[in-house]
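Right, one structure below, let's go through it.
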Amino acid sequence: MNIINPLELIRGVANRIFINGEWVTPSSQNNLQVISPASEDVLFSYKEASTADVDQAVAAAREAFEHGEWPRLSPNQRSEYLTKVADLLRKRMPDLAKAWTVQVGAPIGLTQKLVGQQPALFDFYADLTKTYPFEEERKRADGNSTMILKEAVGVVAAITPWNAPMVLLCYKVAAALAAGCTIVAKPSPETPLEAMIMAECIEEAGLPKGVFNLLPAGREVGDYLIRHEGIDKVSFTGSTAAGKHIASVCGEKLTRFNLELGGKSAALFLEDADFAAALPSLMVYSMPITGQVCFSLTRIIVPESRKQEFVDMYLAAVANIKVGDPQDPNTLMGPLTMQRQFERVQNYIESGKQEGAHLACGGGVPADCNKGYYIEPTVFTDVTADMKIAQEEIFGPVVSIITYSDLDDAVAKTNDTNYGLSGAIYTQDAELGYQVAKRIKSGNLTINGLVVDVTMPFGGFKESGIGREGGIEGLDAYVEVKAIHLTS
Ligand code: NAD
């Protein structure tokens, strides 16, 4: 097994930030460290961008937006650039998979499968740009025309979390570029590598200076960025707590914003569900990336009458999850990404026990893991809706099994959360599944499985967010609508 050297994945730009088409040295002396989830060793350190760097990056993005060619190119010309970026990202997919694995602890077998979504997002928006109705004529009742224009919203602050760093950045950057916006991106301080690879590809694709700027930094610098006068839109993916704060800051100036936040999604098994057929998708999506995925199916809601049958089957499958080194292709579950995640997940496991849920498996550190943030896949049964583990986003491999008495009770329990991001409904009756899906307050639902398709809108009801990414709706998020009424 080859050991990944993270700094070999980028082209010598670890201590540089990307402003106005140049790799420059950050003006701050503050060093940030990226810690290996698997060994707890320092993987590398790099200089954090400063608020002075934010000023420069926003000024470059503003100049590129107000006077540069990017928003003034035809959609077909922008599309050509996006295709170039997609092609360059495709070539870097092996690096992108390794960067994800080494920083986040996601198993290499999984990251190699998933990285294709990243160029796919650029391909999708490259195609959509060519047909999107940027300029449309509508007839009025008086016989004259109104031109409906969809104009780029302006300079976008793109802020992303650490769990799936690149795909979440691609959602924002590909759609914002397609619309004609310019961007200042601030990735999570724990996972800067992929964003650096993106900047390298954007530079190589020859996008005009200032269109894309990159500032790896922590939350204080992020906070300065979202408050900046030069920002027209904040596109944020992260925790619900930070999202509420960002919404309130943006509210003061009516800065546009999009929020992709946390989740507490359910796999709802209807009475007739085929458990064995459901198992493969459930095993992939109940604890993906050690449960550190916003759309994880962390609440499993089963009929009381079939509880034992389900629990026996699920626990047998969970026992087969191979926890280990994320760089080993046979590993199914790596460690949690960082110390604070490890503590957070352990606190929730303790809370589940104290509130009276039954710890059916896991709950501790795997026997052979004496370093790294490893934790056993954990399942609680006898969970009631009022427990913290049933209500709050744990962001770890901890699943709650909840039972219901009849269909109304099932729907009520599925909806009994402040979140509404994702969900699965398992049934052999497709029409019933569809009707039940209509009753679930969630932005994304799949009948029998969990479909993740970046060409479809993704986002949350309730505290899971505001707005959508992906699909046509993902491009709508970066335009302002203008109506120009023509008269004869
Ligand atoms: P986080 O909210 O702590 O941080 C996310 C990003 O926001 C980081 O870059 C961070 O530096 C920055 N940030 C934090 N506070 C800020 C502030 N006040 N101003 C500006 N920037 C700020 O979240 P996290 O721990 O990195 O990520 C985990 C969370 O992200 C989970 O809740 C998860 O559900 C959510 N998430 C949501 C989606 C989705 O699409 N809905 C996808 C992935 C992750």
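Residues are named by chain letter and number: chains run A, B, ... in the order of the structure tokens, numbers start at 1 in each chain, and ligands are numbered from 1 in the order shown.
The environment of stretch 221-224 of chain A within 9 Å, counting only C-alpha atoms and disregarding residues fewer than 4 places along the same chain, consists of Glu48, Ala49, Ser50, Thr51, Val54, Ala157, Ile159, Lys186, Leu215, Ala217, His228 and Ile246 of chain A.
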**OP:** Please give me, as a PyMOL selection string, the residues lying within 8 Å of ligand 1 when counting only C-alpha atoms and all ligand atoms.
**Re:** chain A and resi 159-164+168+186-189+217-226+236-243+245-246+259-263+292-295+393+395+421+458-460+464-465+469
Atoms kept (C-alpha atoms) for selection, written as an mmCIF file, in the first residue's frame:
data_model
loop_
_atom_site.group_PDB
_atom_site.id
_atom_site.type_symbol
_atom_site.label_atom_id
_atom_site.label_comp_id
_atom_site.auth_asym_id
_atom_site.auth_seq_id
_atom_site.Cartn_x
_atom_site.Cartn_y
_atom_site.Cartn_z
ATOM 1 C CA ILE A 159 -17.755 28.898 1.975
ATOM 2 C CA THR A 160 -17.448 25.136 2.319
ATOM 3 C CA PRO A 161 -17.027 22.493 5.066
ATOM 4 C CA TRP A 162 -14.445 19.719 5.431
ATOM 5 C CA ASN A 163 -16.410 16.500 4.993
ATOM 6 C CA ALA A 164 -16.747 16.455 1.190
ATOM 7 C CA LEU A 168 -19.392 20.960 -2.308
ATOM 8 C CA LYS A 186 -12.982 30.032 1.520
ATOM 9 C CA PRO A 187 -12.598 26.304 2.105
ATOM 10 C CA SER A 188 -12.519 24.730 5.533
ATOM 11 C CA PRO A 189 -9.137 25.153 7.258
ATOM 12 C CA ALA A 217 -8.671 30.208 6.318
ATOM 13 C CA GLY A 218 -10.646 29.678 9.491
ATOM 14 C CA ARG A 219 -14.034 30.967 10.586
ATOM 15 C CA GLU A 220 -12.924 34.443 11.741
ATOM 16 C CA VAL A 221 -11.638 35.236 8.268
ATOM 17 C CA GLY A 222 -14.836 33.671 6.875
ATOM 18 C CA ASP A 223 -16.864 35.963 9.095
ATOM 19 C CA TYR A 224 -14.976 38.987 7.770
ATOM 20 C CA LEU A 225 -15.634 37.794 4.219
ATOM 21 C CA ILE A 226 -19.408 37.446 4.614
ATOM 22 C CA PHE A 236 -22.583 28.609 2.436
ATOM 23 C CA THR A 237 -22.428 24.914 3.199
ATOM 24 C CA GLY A 238 -21.859 23.910 6.791
ATOM 25 C CA SER A 239 -23.508 23.583 10.162
ATOM 26 C CA THR A 240 -26.974 24.903 10.948
ATOM 27 C CA ALA A 241 -25.535 27.000 13.797
ATOM 28 C CA ALA A 242 -23.120 28.831 11.470
ATOM 29 C CA GLY A 243 -25.845 29.062 8.815
ATOM 30 C CA HIS A 245 -25.447 33.325 12.056
ATOM 31 C CA ILE A 246 -24.660 33.929 8.372
ATOM 32 C CA LEU A 259 -27.548 27.839 2.914
ATOM 33 C CA GLU A 260 -26.868 24.094 2.709
ATOM 34 C CA LEU A 261 -26.953 22.939 6.320
ATOM 35 C CA GLY A 262 -27.227 19.898 8.535
ATOM 36 C CA GLY A 263 -29.542 16.913 8.426
ATOM 37 C CA GLN A 292 -19.961 12.558 8.388
ATOM 38 C CA VAL A 293 -22.289 13.294 5.490
ATOM 39 C CA CYS A 294 -25.200 15.725 5.689
ATOM 40 C CA PHE A 295 -27.669 13.364 3.964
ATOM 41 C CA GLU A 393 -27.166 15.895 14.014
ATOM 42 C CA PHE A 395 -22.218 13.625 12.325
ATOM 43 C CA LEU A 421 -32.587 17.383 3.975
ATOM 44 C CA PHE A 458 -30.342 19.351 -3.680
ATOM 45 C CA GLY A 459 -31.133 21.262 -0.498
ATOM 46 C CA GLY A 460 -33.140 21.381 2.643
ATOM 47 C CA SER A 464 -31.468 22.081 6.667
ATOM 48 C CA GLY A 465 -31.122 25.233 4.622
ATOM 49 C CA GLU A 469 -27.653 23.531 -5.358
#
**OP:** Enumerate the residues of stretch 240-300 of chain A with a DSSP assignment of strand (DSSP E or B), computed from the backbone, and present them as a list in words.
**Re:** Arg256, Phe257, Asn258, Leu259, Glu260, Ser265, Ala266, Ala267, Leu268, Phe269, Leu297, Thr298, Arg299 and Ile300 of chain A
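Atom CA of A:Ala424 lies 4.8 Å from atom CA of A:Thr446.
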**OP:** Tell me which protein, DNA and RNA residues are within 9 Å of A:Ser36, counting only C-alpha atoms, leaving out same-chain ones fewer than 6 positions away, and put them as JSON, numbers by chain.
**Re:** {"A": [42, 43, 102, 103, 104, 105, 337, 338, 372]}
